[in-house]
>>> print(open('entry.txt').read())   # compact mmCIF, C-alpha atoms
# COMPACT_ATOMS: atom_id res chain seq x y z
CA MET A 29 -173.34 -36.20 -6.49
CA SER A 30 -170.06 -37.79 -7.36
CA ASN A 31 -168.57 -40.15 -4.83
CA TYR A 32 -165.08 -40.40 -6.25
CA THR A 33 -161.87 -38.51 -5.49
CA LYS A 34 -159.46 -37.25 -8.12
CA ARG A 35 -155.85 -38.41 -8.03
CA THR A 36 -153.62 -35.68 -6.63
CA LYS A 37 -150.63 -34.60 -8.74
CA GLN A 38 -148.45 -36.79 -6.53
CA GLU A 39 -150.77 -39.78 -6.88
CA LEU A 40 -150.84 -39.28 -10.64
CA ALA A 41 -147.04 -39.17 -10.76
CA GLN A 42 -147.01 -42.37 -8.69
CA ARG A 43 -149.47 -44.00 -11.10
CA VAL A 44 -147.24 -43.18 -14.10
CA ALA A 45 -144.12 -44.36 -12.26
CA LYS A 46 -145.78 -47.73 -11.61
CA ASP A 47 -145.79 -48.48 -15.36
CA ILE A 48 -142.13 -47.61 -15.94
CA PHE A 49 -139.97 -50.71 -16.08
CA ASP A 50 -136.50 -51.57 -14.83
CA GLY A 51 -133.85 -50.57 -17.36
CA ALA A 52 -136.08 -48.10 -19.22
CA TYR A 53 -134.66 -45.00 -20.94
CA VAL A 54 -137.17 -42.27 -20.20
CA ASN A 55 -137.64 -38.59 -21.01
CA LEU A 56 -139.84 -36.70 -18.56
CA GLY A 57 -141.23 -33.50 -20.09
CA ILE A 58 -141.17 -30.07 -18.48
CA GLY A 59 -143.77 -29.46 -15.75
CA GLN A 60 -145.89 -32.22 -14.20
CA PRO A 61 -144.00 -35.14 -15.78
CA THR A 62 -140.82 -34.23 -13.86
CA LEU A 63 -142.66 -35.29 -10.65
CA VAL A 64 -142.59 -38.90 -11.87
CA ALA A 65 -138.86 -39.08 -11.04
CA ASN A 66 -139.75 -38.86 -7.32
CA TYR A 67 -141.81 -42.05 -7.42
CA LEU A 68 -139.67 -44.49 -9.40
CA PRO A 69 -139.60 -47.69 -7.32
CA GLU A 70 -136.45 -48.19 -5.30
CA GLY A 71 -134.01 -50.77 -6.55
CA MET A 72 -135.04 -50.12 -10.14
CA GLU A 73 -132.60 -48.56 -12.60
CA VAL A 74 -134.27 -46.06 -14.92
CA VAL A 75 -132.07 -43.82 -17.06
CA LEU A 76 -133.48 -40.33 -17.45
CA HIS A 77 -132.73 -38.46 -20.69
CA SER A 78 -132.65 -34.69 -20.97
CA GLU A 79 -132.94 -33.20 -24.47
CA ASN A 80 -130.01 -30.85 -23.90
CA GLY A 81 -127.55 -33.73 -23.90
CA ILE A 82 -127.75 -35.77 -20.71
CA LEU A 83 -128.40 -39.44 -19.98
CA GLY A 84 -128.45 -40.51 -16.35
CA MET A 85 -129.83 -37.25 -15.04
CA GLY A 86 -130.08 -37.11 -11.25
CA GLU A 87 -132.08 -34.97 -8.88
CA ALA A 88 -131.67 -31.28 -8.05
CA PRO A 89 -128.36 -30.38 -6.38
CA LEU A 90 -128.15 -29.15 -2.79
CA THR A 91 -128.43 -25.41 -2.31
CA GLY A 92 -125.06 -23.85 -3.00
CA GLU A 93 -123.95 -26.70 -5.26
CA GLU A 94 -125.80 -25.60 -8.39
CA ASP A 95 -123.77 -25.72 -11.60
CA TYR A 96 -125.58 -23.94 -14.45
CA ASP A 97 -123.58 -25.89 -17.05
CA LEU A 98 -125.58 -28.88 -15.80
CA ILE A 99 -129.25 -28.08 -16.30
CA ASN A 100 -132.37 -29.89 -17.48
CA ALA A 101 -134.72 -29.02 -20.36
CA GLY A 102 -136.48 -26.53 -18.10
CA LYS A 103 -133.07 -24.88 -17.48
CA GLN A 104 -133.12 -25.87 -13.80
CA PRO A 105 -129.92 -27.18 -12.19
CA VAL A 106 -129.65 -30.98 -11.93
CA THR A 107 -126.97 -33.58 -11.15
CA LEU A 108 -125.47 -36.51 -13.06
CA LEU A 109 -125.64 -40.07 -11.75
CA ALA A 110 -122.68 -42.46 -11.86
CA GLY A 111 -122.78 -43.97 -15.36
CA GLY A 112 -124.30 -40.83 -16.84
CA ALA A 113 -123.08 -39.25 -20.07
CA TYR A 114 -123.08 -35.95 -21.95
CA PHE A 115 -123.53 -35.65 -25.72
CA HIS A 116 -124.36 -33.01 -28.31
CA HIS A 117 -127.79 -31.99 -29.54
CA ALA A 118 -127.82 -33.94 -32.81
CA ASP A 119 -127.07 -37.15 -30.88
CA SER A 120 -129.62 -36.26 -28.23
CA PHE A 121 -132.41 -35.89 -30.78
CA ALA A 122 -131.23 -38.97 -32.67
CA MET A 123 -131.97 -40.83 -29.42
CA MET A 124 -135.56 -39.60 -29.66
CA ARG A 125 -136.20 -39.68 -33.39
CA GLY A 126 -134.34 -42.94 -33.79
CA GLY A 127 -136.64 -44.75 -31.37
CA HIS A 128 -133.97 -45.40 -28.75
CA LEU A 129 -135.93 -43.92 -25.84
CA ASP A 130 -138.45 -46.32 -24.35
CA ILE A 131 -140.88 -43.79 -22.92
CA SER A 132 -141.53 -40.09 -23.33
CA VAL A 133 -143.92 -38.54 -20.78
CA LEU A 134 -145.46 -35.21 -21.81
CA GLY A 135 -148.03 -32.72 -20.60
CA ALA A 136 -150.88 -31.77 -22.94
CA PHE A 137 -153.59 -29.24 -23.71
CA GLN A 138 -155.58 -31.81 -25.68
CA VAL A 139 -155.29 -35.41 -26.84
CA SER A 140 -157.61 -36.98 -29.39
CA ALA A 141 -159.11 -40.44 -28.92
CA THR A 142 -156.80 -41.71 -31.66
CA GLY A 143 -153.68 -40.19 -30.07
CA ASP A 144 -153.21 -36.84 -31.80
CA LEU A 145 -151.42 -34.49 -29.42
CA ALA A 146 -151.71 -30.72 -28.91
CA ASN A 147 -149.29 -29.45 -26.28
CA TRP A 148 -147.15 -26.65 -27.72
CA SER A 149 -149.46 -23.76 -28.54
CA THR A 150 -152.96 -22.61 -27.70
CA GLY A 151 -153.02 -20.78 -31.03
CA GLU A 152 -153.85 -17.57 -29.20
CA ALA A 153 -153.46 -14.51 -31.45
CA GLY A 154 -150.39 -12.43 -30.65
CA ALA A 155 -148.77 -15.11 -28.48
CA ILE A 156 -145.09 -15.78 -29.12
CA PRO A 157 -144.80 -19.33 -30.41
CA ALA A 158 -142.25 -21.68 -28.88
CA VAL A 159 -142.00 -25.41 -29.59
CA GLY A 160 -138.69 -26.61 -28.15
CA GLY A 161 -138.38 -30.39 -28.28
CA ALA A 162 -142.13 -31.10 -28.00
CA MET A 163 -142.63 -32.28 -31.59
CA ASP A 164 -139.54 -34.48 -31.50
CA LEU A 165 -140.51 -36.00 -28.15
CA ALA A 166 -144.05 -36.68 -29.36
CA VAL A 167 -143.09 -38.79 -32.35
CA GLY A 168 -139.73 -40.30 -31.44
CA ALA A 169 -139.95 -42.54 -28.36
CA LYS A 170 -141.13 -46.15 -28.50
CA GLN A 171 -144.09 -45.04 -26.35
CA THR A 172 -145.43 -41.53 -25.79
CA TRP A 173 -147.49 -41.06 -22.65
CA VAL A 174 -149.44 -37.99 -21.65
CA MET A 175 -149.94 -36.91 -18.08
CA MET A 176 -152.66 -34.32 -17.42
CA ASP A 177 -155.92 -33.41 -15.70
CA LEU A 178 -158.82 -34.92 -17.62
CA LEU A 179 -160.80 -31.69 -17.53
CA THR A 180 -159.92 -28.04 -17.99
CA LYS A 181 -160.65 -25.59 -15.17
CA LYS A 182 -163.91 -24.82 -16.99
CA GLY A 183 -164.83 -28.51 -16.94
CA ASP A 184 -164.24 -29.23 -20.65
CA SER A 185 -162.65 -32.55 -21.52
CA LYS A 186 -159.03 -32.38 -22.67
CA VAL A 187 -159.57 -35.75 -24.32
CA VAL A 188 -161.38 -34.92 -27.53
CA GLN A 189 -162.62 -36.32 -30.82
CA GLU A 190 -160.36 -33.92 -32.68
CA CYS A 191 -157.86 -31.39 -31.28
CA SER A 192 -158.85 -27.75 -31.73
CA TYR A 193 -155.43 -26.46 -30.62
CA PRO A 194 -152.45 -26.60 -33.02
CA LEU A 195 -151.12 -30.13 -33.32
CA THR A 196 -147.79 -31.35 -31.96
CA GLY A 197 -148.00 -34.78 -33.58
CA LEU A 198 -150.49 -37.12 -35.27
CA GLY A 199 -151.54 -40.43 -33.69
CA CYS A 200 -148.50 -40.42 -31.44
CA VAL A 201 -149.95 -40.75 -27.92
CA LYS A 202 -150.30 -44.30 -26.67
CA ARG A 203 -151.57 -43.67 -23.16
CA ILE A 204 -153.23 -40.87 -21.22
CA TYR A 205 -152.63 -40.81 -17.47
CA SER A 206 -155.14 -38.44 -15.92
CA ASP A 207 -156.44 -37.53 -12.48
CA LEU A 208 -159.59 -39.58 -13.13
CA ALA A 209 -158.60 -42.45 -15.39
CA THR A 210 -155.85 -44.07 -17.41
CA LEU A 211 -156.78 -44.49 -21.06
CA GLU A 212 -155.23 -46.04 -24.12
CA CYS A 213 -155.48 -44.26 -27.48
CA THR A 214 -156.06 -46.64 -30.37
CA THR A 215 -157.06 -46.26 -34.02
CA GLU A 216 -160.53 -47.44 -32.87
CA GLY A 217 -160.71 -44.85 -30.08
CA LEU A 218 -160.28 -44.84 -26.31
CA LYS A 219 -159.74 -47.98 -24.25
CA LEU A 220 -160.03 -48.01 -20.47
CA ILE A 221 -156.98 -49.10 -18.49
CA ASP A 222 -158.14 -47.97 -15.03
CA LYS A 223 -160.21 -45.31 -13.27
CA VAL A 224 -160.44 -43.92 -9.76
CA ASP A 225 -162.68 -45.74 -7.27
CA GLY A 226 -166.32 -44.74 -7.36
CA LEU A 227 -166.22 -43.33 -10.92
CA SER A 228 -168.46 -45.33 -13.23
CA LYS A 229 -167.58 -45.97 -16.87
CA GLU A 230 -170.81 -44.15 -17.81
CA GLU A 231 -169.85 -41.07 -15.81
CA LEU A 232 -166.34 -41.12 -17.36
CA GLU A 233 -167.86 -41.32 -20.86
CA ARG A 234 -170.19 -38.45 -19.97
CA LEU A 235 -167.26 -36.29 -18.81
CA ILE A 236 -165.24 -37.02 -21.95
CA GLY A 237 -168.20 -37.01 -24.30
CA LEU A 238 -166.78 -39.99 -26.18
CA PRO A 239 -167.20 -43.76 -25.92
CA VAL A 240 -164.60 -45.55 -23.80
CA HIS A 241 -164.16 -49.22 -24.63
CA ALA A 242 -163.63 -51.62 -21.72
CA MET B 19 -97.41 -24.63 -38.99
CA ILE B 20 -101.03 -24.56 -37.87
CA ASN B 21 -101.91 -22.10 -35.15
CA LYS B 22 -105.59 -21.35 -34.66
CA ILE B 23 -105.07 -19.52 -31.38
CA CYS B 24 -106.10 -15.86 -31.56
CA LYS B 25 -104.67 -13.26 -29.21
CA SER B 26 -107.92 -11.48 -28.48
CA ILE B 27 -111.65 -11.61 -29.07
CA PRO B 28 -111.57 -8.79 -31.67
CA ASP B 29 -108.88 -10.79 -33.53
CA ALA B 30 -111.01 -13.92 -33.38
CA LEU B 31 -114.05 -12.09 -34.74
CA SER B 32 -112.31 -10.14 -37.49
CA GLY B 33 -113.87 -10.32 -40.93
CA ILE B 34 -117.47 -11.08 -39.89
CA LYS B 35 -119.62 -9.34 -42.49
CA ASP B 36 -123.01 -7.63 -42.36
CA GLY B 37 -125.78 -10.02 -43.36
CA SER B 38 -123.96 -13.12 -42.09
CA THR B 39 -125.70 -16.16 -40.68
CA VAL B 40 -124.23 -16.63 -37.22
CA LEU B 41 -124.71 -19.94 -35.40
CA ILE B 42 -124.52 -19.37 -31.66
CA GLY B 43 -124.15 -22.35 -29.34
CA GLY B 44 -125.96 -22.69 -26.03
CA PHE B 45 -129.16 -23.90 -24.46
CA GLY B 46 -130.58 -21.33 -22.09
CA THR B 47 -127.46 -19.87 -20.50
CA ALA B 48 -125.37 -23.09 -20.63
CA GLY B 49 -122.84 -22.95 -23.44
CA ILE B 50 -123.72 -19.41 -24.52
CA PRO B 51 -120.47 -17.80 -25.69
CA ASN B 52 -121.15 -14.50 -23.94
CA GLU B 53 -117.63 -13.11 -24.49
CA LEU B 54 -117.85 -13.69 -28.27
CA ILE B 55 -121.33 -12.17 -28.40
CA ASP B 56 -120.13 -9.09 -26.51
CA GLY B 57 -117.27 -8.95 -29.01
CA LEU B 58 -119.73 -9.15 -31.90
CA ILE B 59 -121.64 -6.18 -30.43
CA GLN B 60 -118.36 -4.22 -30.38
CA HIS B 61 -117.52 -5.48 -33.87
CA GLY B 62 -120.84 -4.05 -35.05
CA ALA B 63 -121.84 -6.43 -37.88
CA ARG B 64 -125.51 -5.84 -38.70
CA GLU B 65 -128.45 -7.45 -40.50
CA LEU B 66 -127.44 -10.79 -39.01
CA THR B 67 -129.41 -14.01 -39.07
CA VAL B 68 -128.81 -15.73 -35.74
CA VAL B 69 -129.36 -19.41 -35.05
CA ASN B 70 -129.65 -20.42 -31.39
CA ASN B 71 -131.97 -22.70 -29.44
CA ASN B 72 -133.48 -19.73 -27.61
CA ALA B 73 -133.72 -15.99 -28.14
CA GLY B 74 -131.74 -14.59 -25.24
CA ASN B 75 -132.11 -14.39 -21.47
CA GLY B 76 -132.21 -11.21 -19.42
CA ASP B 77 -130.17 -8.28 -20.77
CA THR B 78 -126.83 -9.94 -21.46
CA GLY B 79 -125.35 -12.22 -24.11
CA LEU B 80 -127.68 -12.93 -27.03
CA ALA B 81 -130.33 -10.61 -25.56
CA ALA B 82 -127.82 -7.75 -25.66
CA LEU B 83 -127.02 -8.49 -29.34
CA LEU B 84 -130.74 -8.37 -30.15
CA LYS B 85 -131.13 -5.17 -28.16
CA ALA B 86 -128.27 -3.59 -30.14
CA GLY B 87 -130.43 -4.00 -33.25
CA GLN B 88 -127.87 -6.14 -35.09
CA VAL B 89 -130.16 -9.09 -35.74
CA ARG B 90 -132.67 -9.17 -38.62
CA LYS B 91 -133.86 -12.73 -38.17
CA ILE B 92 -133.61 -15.46 -35.57
CA ILE B 93 -133.98 -19.18 -36.22
CA CYS B 94 -134.71 -21.01 -32.97
CA SER B 95 -136.92 -23.57 -31.24
CA PHE B 96 -137.89 -21.83 -28.01
CA PRO B 97 -137.83 -18.01 -28.01
CA ARG B 98 -140.38 -17.49 -25.25
CA GLN B 99 -138.89 -17.85 -21.77
CA ALA B 100 -139.48 -16.33 -18.36
CA ASP B 101 -136.73 -13.76 -19.07
CA SER B 102 -136.86 -13.29 -22.87
CA TYR B 103 -138.33 -9.77 -22.63
CA VAL B 104 -135.83 -8.24 -25.09
CA PHE B 105 -136.84 -10.63 -27.85
CA ASP B 106 -140.54 -10.44 -26.91
CA GLU B 107 -140.56 -6.66 -27.37
CA LEU B 108 -138.71 -6.78 -30.73
CA TYR B 109 -140.98 -9.54 -32.00
CA ARG B 110 -144.19 -7.82 -30.97
CA SER B 111 -143.11 -4.56 -32.60
CA GLY B 112 -142.20 -6.37 -35.81
CA LYS B 113 -138.51 -5.55 -35.59
CA ILE B 114 -137.27 -9.12 -35.84
CA GLU B 115 -138.23 -12.05 -38.02
CA LEU B 116 -138.68 -15.45 -36.36
CA GLU B 117 -138.33 -18.88 -37.95
CA LEU B 118 -139.55 -21.39 -35.40
CA VAL B 119 -138.02 -24.87 -35.83
CA PRO B 120 -138.59 -27.96 -33.67
CA GLN B 121 -135.42 -28.46 -31.66
CA GLY B 122 -134.47 -31.81 -33.17
CA ASN B 123 -135.01 -30.50 -36.69
CA LEU B 124 -132.82 -27.52 -35.81
CA ALA B 125 -130.03 -29.84 -34.65
CA GLU B 126 -130.40 -32.12 -37.67
CA ARG B 127 -130.54 -29.26 -40.18
CA LEU B 128 -127.22 -28.08 -38.74
CA ARG B 129 -125.86 -31.61 -38.84
CA ALA B 130 -126.97 -31.95 -42.48
CA ALA B 131 -125.15 -28.72 -43.35
CA GLY B 132 -121.97 -30.00 -41.72
CA ALA B 133 -122.24 -33.46 -43.24
CA GLY B 134 -122.94 -32.38 -46.82
CA VAL B 135 -126.48 -33.73 -46.87
CA GLY B 136 -128.69 -31.86 -49.36
CA ALA B 137 -131.93 -32.31 -47.42
CA PHE B 138 -133.54 -35.01 -45.30
CA TYR B 139 -136.92 -36.47 -44.42
CA THR B 140 -137.89 -36.23 -40.75
CA PRO B 141 -141.05 -37.43 -38.96
CA THR B 142 -140.90 -34.45 -36.57
CA GLY B 143 -143.52 -31.83 -37.30
CA PHE B 144 -145.48 -33.86 -39.88
CA GLY B 145 -149.12 -32.75 -39.94
CA THR B 146 -148.42 -29.60 -37.88
CA GLU B 147 -148.15 -25.86 -38.55
CA LEU B 148 -144.38 -26.20 -38.57
CA ALA B 149 -144.56 -28.35 -41.70
CA LEU B 150 -145.45 -25.16 -43.59
CA ASN B 151 -143.08 -22.79 -45.37
CA SER B 152 -143.01 -19.14 -44.28
CA ASP B 153 -145.41 -18.28 -47.13
CA GLY B 154 -147.91 -20.83 -45.80
CA THR B 155 -147.38 -23.42 -48.54
CA PRO B 156 -146.83 -26.97 -47.30
CA LYS B 157 -143.30 -28.35 -47.15
CA GLU B 158 -142.65 -31.40 -49.28
CA THR B 159 -143.71 -34.63 -47.56
CA ARG B 160 -143.24 -38.29 -48.33
CA HIS B 161 -144.67 -41.59 -47.13
CA ILE B 162 -141.78 -44.01 -46.56
CA ASN B 163 -142.24 -47.57 -45.29
CA GLY B 164 -145.57 -46.77 -43.64
CA LYS B 165 -144.49 -43.52 -42.00
CA ASP B 166 -144.94 -39.87 -42.93
CA TYR B 167 -142.01 -37.48 -43.22
CA VAL B 168 -141.35 -33.80 -43.95
CA LEU B 169 -138.45 -32.65 -46.15
CA GLU B 170 -136.13 -30.28 -44.28
CA TYR B 171 -133.12 -28.40 -45.64
CA PRO B 172 -129.71 -27.70 -44.06
CA ILE B 173 -128.89 -24.52 -42.15
CA TYR B 174 -125.46 -23.29 -43.24
CA GLY B 175 -123.59 -20.83 -41.06
CA ASP B 176 -121.11 -18.22 -42.24
CA VAL B 177 -119.80 -18.15 -38.70
CA ALA B 178 -120.31 -20.29 -35.58
CA LEU B 179 -119.62 -18.89 -32.13
CA ILE B 180 -119.27 -21.60 -29.53
CA LYS B 181 -118.10 -22.01 -25.97
CA ALA B 182 -115.75 -24.92 -25.28
CA GLU B 183 -113.61 -25.97 -22.34
CA THR B 184 -110.12 -26.95 -23.49
CA GLY B 185 -108.41 -26.49 -26.86
CA ASP B 186 -105.05 -26.71 -28.60
CA ARG B 187 -103.47 -24.87 -31.54
CA TRP B 188 -104.89 -27.38 -34.04
CA GLY B 189 -108.40 -26.44 -32.90
CA ASN B 190 -109.28 -29.65 -31.05
CA LEU B 191 -111.95 -29.06 -28.42
CA THR B 192 -113.55 -30.55 -25.34
CA PHE B 193 -116.66 -29.17 -23.66
CA ARG B 194 -118.00 -28.91 -20.13
CA LYS B 195 -121.05 -30.91 -18.98
CA ALA B 196 -124.35 -29.97 -20.67
CA ALA B 197 -122.82 -26.72 -21.98
CA ARG B 198 -121.76 -28.91 -24.93
CA ASN B 199 -125.31 -28.93 -26.41
CA PHE B 200 -125.24 -27.33 -29.91
CA GLY B 201 -121.49 -26.56 -29.93
CA PRO B 202 -120.13 -29.63 -31.73
CA VAL B 203 -122.86 -29.74 -34.38
CA MET B 204 -122.68 -26.00 -35.08
CA ALA B 205 -118.90 -26.26 -35.40
CA THR B 206 -119.42 -28.58 -38.37
CA ALA B 207 -122.04 -26.36 -40.04
CA ALA B 208 -120.18 -23.03 -40.40
CA LYS B 209 -117.51 -21.83 -42.80
CA CYS B 210 -115.66 -20.25 -39.87
CA THR B 211 -116.05 -21.66 -36.35
CA ILE B 212 -114.77 -19.53 -33.51
CA ALA B 213 -114.54 -21.09 -30.06
CA THR B 214 -113.68 -19.75 -26.63
CA VAL B 215 -111.83 -22.09 -24.27
CA HIS B 216 -110.87 -21.77 -20.64
CA GLU B 217 -107.58 -23.54 -21.18
CA VAL B 218 -105.21 -23.79 -24.13
CA VAL B 219 -102.88 -26.78 -23.88
CA GLU B 220 -99.82 -27.94 -25.81
CA LEU B 221 -100.42 -30.09 -28.86
CA GLY B 222 -100.59 -33.72 -27.74
CA LYS B 223 -101.81 -32.94 -24.24
CA MET B 224 -105.47 -33.50 -25.08
CA ASP B 225 -106.49 -37.16 -24.87
CA PRO B 226 -107.27 -38.09 -28.50
CA GLU B 227 -109.90 -40.55 -27.23
CA SER B 228 -111.72 -37.71 -25.48
CA ILE B 229 -111.56 -34.91 -28.07
CA VAL B 230 -115.19 -34.06 -28.83
CA THR B 231 -114.70 -31.70 -31.78
CA PRO B 232 -111.64 -32.40 -33.94
CA GLY B 233 -109.77 -29.33 -35.11
CA ILE B 234 -110.81 -29.69 -38.76
CA PHE B 235 -114.17 -28.13 -37.76
CA VAL B 236 -112.61 -25.20 -35.93
CA SER B 237 -111.00 -22.08 -37.43
CA ARG B 238 -110.13 -19.91 -34.46
CA ILE B 239 -109.73 -20.33 -30.71
CA VAL B 240 -109.49 -17.68 -28.06
CA GLU B 241 -108.72 -18.24 -24.38
CA ILE B 242 -110.99 -16.54 -21.84
CA GLU B 243 -111.21 -16.43 -18.09
CA ARG B 244 -113.66 -18.80 -16.46
CA VAL B 245 -116.82 -17.13 -15.23
CA ALA B 246 -119.46 -19.35 -13.61
CA THR B 247 -122.53 -19.79 -15.83
CA GLN B 248 -125.47 -17.83 -14.46
CA ALA B 249 -128.99 -19.18 -14.06
CA GLY B 250 -131.50 -18.15 -16.70
CA GLY B 251 -134.56 -19.18 -18.66
CA PHE B 252 -136.85 -20.07 -15.77
CA LYS B 253 -138.82 -18.32 -13.07
CA GLN B 254 -136.71 -18.21 -9.95
CA THR B 255 -138.67 -18.53 -6.77
CA ALA B 256 -135.83 -17.95 -4.34
>>> encode(input="entry.txt", output="structure tokens")
Amino acid sequence: MSNYTKRTKQELAQRVAKDIFDGAYVNLGIGQPTLVANYLPEGMEVVLHSENGILGMGEAPLTGEEDYDLINAGKQPVTLLAGGAYFHHADSFAMMRGGHLDISVLGAFQVSATGDLANWSTGEAGAIPAVGGAMDLAVGAKQTWVMMDLLTKKGDSKVVQECSYPLTGLGCVKRIYSDLATLECTTEGLKLIDKVDGLSKEELERLIGLPVHA
Amino acid sequence: MINKICKSIPDALSGIKDGSTVLIGGFGTAGIPNELIDGLIQHGARELTVVNNNAGNGDTGLAALLKAGQVRKIICSFPRQADSYVFDELYRSGKIELELVPQGNLAERLRAAGAGVGAFYTPTGFGTELALNSDGTPKETRHINGKDYVLEYPIYGDVALIKAETGDRWGNLTFRKAARNFGPVMATAAKCTIATVHEVVELGKMDPESIVTPGIFVSRIVEIERVATQAGGFKQTA
């Protein structure tokens, strides 16, 4: 039997936050990545970018103070910090594509050992496709990080040799932060950054089905 | 004398033809020019190609235009939302054509149209399904300085409908918060840009350092009452 405990969503968000540096310009993707904002170390200045034209995005407003002209990429109401700025969409995506953002944190369906990302479509027949800013976020930032559970509910690894879901970007993911381990994607394959206590490298490799270099 | 101020929404929308490409500002419900869209429903132009980030929320605004059967094709990045049921139904029954474009490519294709750029190479979408033409053939690609790019073409609008905050009779505009989104870039990309504002001021009253869209990009302005932007585009738990 396994004698390790998975990181909770909060612990995972905390783990990602630990690697974000003072002064970083960061885009946190819709869903799990938004949790990272709650764990940024105090005293550190991190500027959050929202694709719809905000730098210096703050937390959710108090109930009753929502302004739906000030929303995040998930269309939820947010606030603006002192020093924040608004800008139009072409500028916002120039910030991504032009390599001005330091870190983009995204969720994923699958990531390949060499950093291919699949996070916008399951390719299911009849589903309505929607991509939003996913493809721009994947390839634009100086570093693209993925935050996800290592395994699907069925127990299949979401880190794969080759993505079977439609691709979002090729070789764009630098790091995978998961509930069991933190991995680096390289042209030579996966490299171990850390893993939860009690999980052996052999067991991790067995779960993923791919070699993980120390 | 230049006076771009229109007396009414029907005045502002006059002359829009069937088959036009209409750029509509907004991201979710922020910046959606609902009053102009309602006016376009009244106006009745049909067979439109609409460009917006999304494909309508709930039953109002863009969703109402779709429901009225006036739109043949939509070019957008994120049609599927918690409350996009009008679009979903039309799409599933084959009554509307969809061109899905990554959001940054959408913005840049509009920018290219407004800036007179014939086409451009972008890294976004390279190696994905969205680097294919609608007939399934691959878009042109190119390897430049060690990186792969896809060739994307401009999106020209016949008309742009955008929601701004303050304007003057020369067409200068400011916007409000993140409702700015696609407004300024769409204003550059259309032959005729029509903007609503909540306040029309005397020429010279707008701070020239703070004008976001200079009047050269704007054809018509119409003043409307301020209505608070409603929530939309996400599942509300409360």
>>> closest_atom_pairs(input="entry.txt", of="chain A", to="chain B", cutoff="9 Å", atoms="all atoms listed in the file", output="CSV")
residue,atom,partner,partner_atom,distance
A:Glu79,CA,B:Gly122,CA,8.9
A:Asn80,CA,B:Asn199,CA,5.7
A:Gly81,CA,B:Asn199,CA,5.9
A:Ile82,CA,B:Ala196,CA,6.7
A:Asp95,CA,B:Thr247,CA,7.4
A:Tyr96,CA,B:Thr247,CA,5.3
A:Asp97,CA,B:Ala48,CA,4.9
A:Leu98,CA,B:Ala196,CA,5.1
A:Ile99,CA,B:Ala196,CA,6.8
A:Asn100,CA,B:Ala196,CA,8.6
A:Ala101,CA,B:Phe45,CA,8.6
A:Gly102,CA,B:Phe252,CA,6.9
A:Lys103,CA,B:Gly251,CA,6.0
A:Gln104,CA,B:Phe252,CA,7.2
A:Pro105,CA,B:Ala249,CA,8.3
A:Ala113,CA,B:Lys195,CA,8.7
A:Tyr114,CA,B:Lys195,CA,6.2
A:Phe115,CA,B:Asn199,CA,7.0
A:His116,CA,B:Asn199,CA,4.6
A:His117,CA,B:Asn199,CA,5.0
A:Ala118,CA,B:Ala125,CA,5.0
A:Asp119,CA,B:Ala125,CA,8.7
A:Ser120,CA,B:Gly122,CA,8.2
A:Phe121,CA,B:Gly122,CA,5.2
A:Ala122,CA,B:Gly122,CA,7.9
A:Met124,CA,B:Gly122,CA,8.6
A:Arg125,CA,B:Thr142,CA,7.7
A:Gly154,CA,B:Arg110,CA,7.7
A:Ala155,CA,B:Arg110,CA,9.0
A:Ile156,CA,B:Arg98,CA,6.3
A:Pro157,CA,B:Arg98,CA,7.0
A:Ala158,CA,B:Phe96,CA,4.4
A:Val159,CA,B:Ser95,CA,5.6
A:Gly160,CA,B:Ser95,CA,4.7
A:Gly161,CA,B:Gln121,CA,4.9
A:Ala162,CA,B:Pro120,CA,7.4
A:Met163,CA,B:Thr142,CA,5.7
A:Asp164,CA,B:Thr142,CA,5.2
A:Leu165,CA,B:Thr142,CA,8.6
A:Ala166,CA,B:Thr142,CA,8.2
A:Val167,CA,B:Thr142,CA,6.4
A:Gly168,CA,B:Thr142,CA,7.9
A:Pro194,CA,B:Thr146,CA,7.0
A:Leu195,CA,B:Thr146,CA,5.3
A:Thr196,CA,B:Thr146,CA,6.2
A:Gly197,CA,B:Gly143,CA,6.5
A:Leu198,CA,B:Gly145,CA,6.5
>>> residues_around(input="entry.txt", residues="Ile229 of chain B", least_positions_apart="4", cutoff="12 Å", atoms="all atoms listed in the file", output="list in words")
Ala182, Glu183, Thr184, Gly185, Asp186, Trp188, Gly189, Asn190, Leu191, Thr192, Phe193, Arg194, Pro202, Gly222, Lys223, Met224, Asp225, Gly233 and Ile234 of chain B
>>> atom_distance(input="entry.txt", atom1="atom CA of Thr211 of chain B", atom2="atom CA of Ser237 of chain B")
5.2 Å
>>> atom_distance(input="entry.txt", atom1="atom CA of Asp36 of chain B", atom2="atom CA of Val89 of chain B")
9.9 Å
>>> atom_distance(input="entry.txt", atom1="atom CA of Cys210 of chain B", atom2="atom CA of Glu227 of chain B")
24.6 Å
>>> residues_near_point(input="entry.txt", point="(-135.0, -43.0, -15.6)", cutoff="7 Å", atoms="only C-alpha atoms", output="list in words")
Ala52, Tyr53, Val54, Glu73, Val74, Val75 and Leu76 of chain A
>>> write_last_selection(input="entry.txt", atoms="C-alpha atoms", output="PDB file, in the coordinates of the input")
ATOM      1  CA  ALA A  52    -136.080 -48.100 -19.220  1.00  0.00           C
ATOM      2  CA  TYR A  53    -134.660 -45.000 -20.940  1.00  0.00           C
ATOM      3  CA  VAL A  54    -137.170 -42.270 -20.200  1.00  0.00           C
ATOM      4  CA  GLU A  73    -132.600 -48.560 -12.600  1.00  0.00           C
ATOM      5  CA  VAL A  74    -134.270 -46.060 -14.920  1.00  0.00           C
ATOM      6  CA  VAL A  75    -132.070 -43.820 -17.060  1.00  0.00           C
ATOM      7  CA  LEU A  76    -133.480 -40.330 -17.450  1.00  0.00           C
TER       8      LEU A  76
END
